[in-house]
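Coordinates as given in query_39.cif (mmCIF, C-alpha atoms):
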```cif
data_final
loop_
_atom_site.label_atom_id
_atom_site.label_comp_id
_atom_site.auth_asym_id
_atom_site.auth_seq_id
_atom_site.Cartn_x
_atom_site.Cartn_y
_atom_site.Cartn_z
CA MET P 8 46.24 89.75 57.57
CA ALA P 9 46.13 87.49 60.62
CA ILE P 10 49.79 86.54 60.05
CA VAL P 11 50.82 90.23 59.91
CA ILE P 12 48.94 90.96 63.15
CA LEU P 13 50.45 87.87 64.78
CA LEU P 14 53.99 88.89 63.70
CA GLY P 15 53.39 92.47 64.96
CA ALA P 16 52.16 91.16 68.31
CA ALA P 17 55.14 88.79 68.56
CA GLN P 18 57.52 91.67 67.81
CA LEU P 19 55.80 93.83 70.43
CA VAL P 20 56.04 91.08 73.07
CA HIS P 21 59.70 90.50 72.19
CA GLY P 22 60.44 94.25 72.45
CA ILE P 23 58.76 94.43 75.85
CA TYR P 24 60.76 91.40 77.03
CA LEU P 25 64.04 92.98 75.88
CA LYS P 26 63.21 96.29 77.62
CA GLN P 27 62.29 94.50 80.85
CA SER P 28 65.49 92.47 80.84
CA ARG P 29 67.53 95.64 80.20
CA VAL P 30 65.78 97.44 83.08
CA LYS P 31 66.43 94.45 85.33
CA ARG P 32 70.13 94.40 84.37
CA ILE P 33 70.53 98.16 84.99
CA THR P 34 68.76 97.84 88.36
CA GLU P 35 71.10 95.00 89.36
CA GLU P 36 74.15 97.04 88.30
CA THR P 37 72.91 100.07 90.25
CA THR P 38 72.31 97.94 93.33
CA ALA P 39 75.79 96.41 93.00
CA LEU P 40 77.35 99.90 92.75
CA PHE P 41 75.42 101.04 95.80
CA ARG P 42 76.49 97.99 97.79
CA ALA P 43 80.13 98.59 96.77
CA ALA P 44 79.95 102.25 97.82
CA ARG P 45 77.96 101.65 101.02
CA PRO P 46 78.77 98.14 102.29
CA GLU P 47 77.32 99.00 105.71
CA ALA P 48 73.82 99.34 104.22
CA THR P 49 71.80 96.30 105.23
CA ARG P 50 68.66 96.97 103.22
CA VAL P 51 68.56 98.30 99.65
CA VAL P 52 65.16 99.54 98.53
CA ASP P 53 65.89 102.33 96.04
CA PRO P 54 69.65 102.53 95.51
CA VAL P 55 69.53 105.80 93.57
CA SER P 56 67.65 107.75 96.24
CA GLN P 57 69.64 106.05 99.01
CA MET P 58 72.89 107.13 97.31
CA ARG P 59 71.60 110.69 96.94
CA THR P 60 70.79 110.71 100.66
CA ALA P 61 74.26 109.34 101.50
CA ILE P 62 75.91 112.04 99.35
CA ALA P 63 73.83 114.76 101.04
CA GLU P 64 74.92 113.41 104.45
CA LEU P 65 78.58 113.51 103.39
CA GLU P 66 78.21 117.08 102.13
CA THR P 67 76.64 118.09 105.43
CA ALA P 68 79.49 116.42 107.32
CA THR P 69 82.08 118.45 105.38
CA ARG P 70 80.58 121.80 106.28
CA ILE P 71 82.51 124.13 108.52
CA PRO P 72 80.94 124.07 112.00
CA GLY P 73 78.48 126.94 112.32
CA SER P 74 78.47 127.53 108.57
CA GLU P 75 76.00 126.63 105.87
CA ALA P 76 78.72 126.49 103.22
CA ALA P 77 80.50 123.27 102.37
CA ARG P 78 84.28 123.04 102.51
CA PRO P 79 86.21 122.54 99.29
CA ARG P 80 87.05 118.90 98.76
CA ALA P 81 90.70 117.84 98.81
CA ILE P 82 90.42 116.58 95.25
CA ASP P 83 89.15 120.01 94.13
CA ILE P 84 92.11 121.71 95.84
CA LEU P 85 94.60 119.32 94.24
CA ALA P 86 92.95 119.72 90.83
CA ALA P 87 93.13 123.52 91.10
CA LEU P 88 96.80 123.38 92.11
CA SER P 89 97.71 121.05 89.26
CA ARG P 90 95.83 123.23 86.75
CA GLU P 91 97.46 126.50 87.82
CA ILE P 92 101.04 125.43 88.55
CA PRO P 93 102.57 124.38 85.23
CA VAL P 94 104.84 121.37 84.89
CA ALA P 95 107.54 123.58 83.35
CA LEU P 96 107.84 125.55 86.60
CA ASP P 97 110.71 124.21 88.74
CA VAL P 98 108.79 123.68 91.97
CA GLU P 99 108.44 120.80 94.40
CA ILE P 100 105.57 120.89 96.89
CA THR P 101 106.72 119.10 100.04
CA GLN P 102 103.75 119.70 102.32
CA LEU P 103 100.10 120.61 101.88
CA ALA P 104 98.27 121.21 105.16
CA SER P 105 94.55 121.91 105.01
CA GLY P 106 92.57 123.29 107.93
CA THR P 107 88.85 123.93 108.16
CA ASP P 108 89.09 127.16 106.20
CA ASN P 109 92.79 127.65 105.39
CA LEU P 110 95.61 125.99 103.52
CA THR P 111 99.39 126.01 103.93
CA LEU P 112 101.63 125.10 101.02
CA THR P 113 105.32 124.37 101.67
CA GLY P 114 107.98 123.51 99.13
CA HIS P 115 111.09 124.64 97.34
CA THR P 116 111.94 126.11 93.99
CA ALA P 117 114.90 127.52 92.07
CA ALA P 118 114.35 131.27 92.53
CA PHE P 119 112.42 133.90 94.47
CA ASN P 120 110.57 135.11 91.36
CA GLU P 121 109.10 131.62 90.95
CA VAL P 122 107.62 131.90 94.44
CA ASP P 123 105.98 135.17 93.36
CA ASP P 124 104.77 133.47 90.18
CA ILE P 125 103.20 130.64 92.21
CA LYS P 126 101.50 133.17 94.51
CA THR P 127 100.11 135.08 91.50
CA ARG P 128 98.82 131.86 89.95
CA LEU P 129 97.17 130.77 93.22
CA GLU P 130 95.41 134.14 93.52
CA LYS P 131 93.67 133.38 90.21
CA ILE P 132 91.97 130.31 91.68
CA PRO P 133 88.42 131.31 92.78
CA MET P 134 88.37 129.10 95.87
CA PHE P 135 91.63 130.58 97.27
CA GLN P 136 91.28 133.87 99.12
CA GLU P 137 93.95 135.87 100.99
CA VAL P 138 97.04 134.24 99.44
CA THR P 139 100.26 135.38 101.19
CA ILE P 140 103.89 134.33 101.14
CA ALA P 141 104.66 133.49 104.76
CA ALA P 142 108.33 132.63 104.22
CA ALA P 143 110.88 132.42 101.43
CA ASN P 144 114.46 131.62 102.34
CA ILE P 145 117.48 130.19 100.55
CA ASP P 146 118.48 126.75 101.77
CA ASN P 147 122.30 126.79 101.93
CA ARG P 148 122.62 123.02 101.51
CA SER P 149 120.55 122.68 98.35
CA ASN P 150 120.91 126.28 97.10
CA ARG P 151 117.14 126.40 96.47
CA VAL P 152 114.44 128.67 97.83
CA ARG P 153 112.28 127.14 100.56
CA PHE P 154 108.87 128.77 100.75
CA THR P 155 105.64 128.68 102.68
CA ILE P 156 102.45 130.10 101.19
CA ASN P 157 99.37 130.60 103.35
CA ILE P 158 95.88 130.72 101.94
CA GLY P 159 93.75 132.39 104.58
CA ARG P 160 90.28 131.48 103.34
CA LEU P 161 88.95 128.65 101.23
CA GLU P 162 85.74 129.21 99.32
CA VAL P 163 83.68 126.50 97.67
CA ALA P 164 83.83 126.99 93.92
CA PRO P 165 81.73 125.23 91.30
CA TRP P 166 83.36 122.34 89.50
CA PRO P 167 85.12 123.63 86.35
CA SER P 168 83.44 122.83 83.05
CA ASN P 169 86.67 121.80 81.30
#
```

Will you turn the file into structure tokens for me?
Amino acid sequence: MAIVILLGAAQLVHGIYLKQSRVKRITEETTALFRAARPEATRVVDPVSQMRTAIAELETATRIPGSEAARPRAIDILAALSREIPVALDVEITQLASGTDNLTLTGHTAAFNEVDDIKTRLEKIPMFQEVTIAAANIDNRSNRVRFTINIGRLEVAPWPSN
């Protein structure tokens, strides 16, 4: 009976040691990630809460002045554009200019109806409001349609689940 109790205690001590070493390794990895993301931080006490604070500061910095709403991130805008404009559509985006609450999309395509198709697809994106075609002209040199689409208001949309 003493041997069974001794083996059980040894197994318990070994399990505790393994858990502590795993916690130590995860803490070191978290600290290393925090230091990589925020190299200007001189003192690391609780990297998880410090990173949450840093993220909250960045979100506050991206808000439109005088507004409580955050601006859509550039990566969200690009992801929405790539989801809604199919690869099969003959379009080349040459310029994407983003203001504090608007967006201008410039490019060229093969036909006028494709510009309308792009506009219709952009209107489906929840963060894009007031989508208008500002210009659509045929370029005589390339025989393609140059277009400019204005998006008058950008709304922050939740990250898509898919």

How big is the axis-aligned box around all listed atoms of stretch 137-155 of chain P once 8 Å goes on each side, and where's its centre, in Å to one decimal, as lines of an AutoDock Vina configuration file?
```
center_x = 108.3
center_y = 129.3
center_z = 100.6
size_x = 44.7
size_y = 29.2
size_z = 24.3
```

(request) Excluding stretch 125-136 of chain P and residues on its chain fewer than 6 positions from it, collect all residues at most 8 Å away from it, counting only C-alpha atoms, and give them as a ChimeraX atom specification. (result) /P:79,87-88,91-92,156,158-164

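Candidate residues P:Thr155, P:Ala9, P:Gly22, P:Glu121 were compared for distance to P:Ala104, and the nearest is P:Thr155, using all atoms listed in the file.
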
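Between P:Thr37 and the candidates P:Asp53, P:Asp124, P:Glu137, P:Asp83, the tightest atom-to-atom separation, counting all atoms listed in the file, involves P:Asp53.
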
(message) Excluding P:Val98 and its own-chain neighbours fewer than 4 positions away, which residues fall within 10 Å of it when counting all atoms listed in the file? Please give them as a ChimeraX atom specification.
(response) /P:92-94,114-118,121-122,125,151-153

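Between P:Ser105 and the residues P:Phe119, P:Asn157, P:Asp146, P:Val55, the shortest atom-to-atom distance, using all atoms listed in the file, involves P:Asn157.
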
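Between atom CA of P:Phe154 and atom CA of P:Ile100 there is a distance of 9.4 Å.
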
(message) One number please: atom CA of P:Phe41 to atom CA of P:Met58, in Å, one decimal.
(response) 6.8 Å

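The spacing separating atom CA of P:Thr60 from atom CA of P:Ala44 amounts to 12.8 Å.
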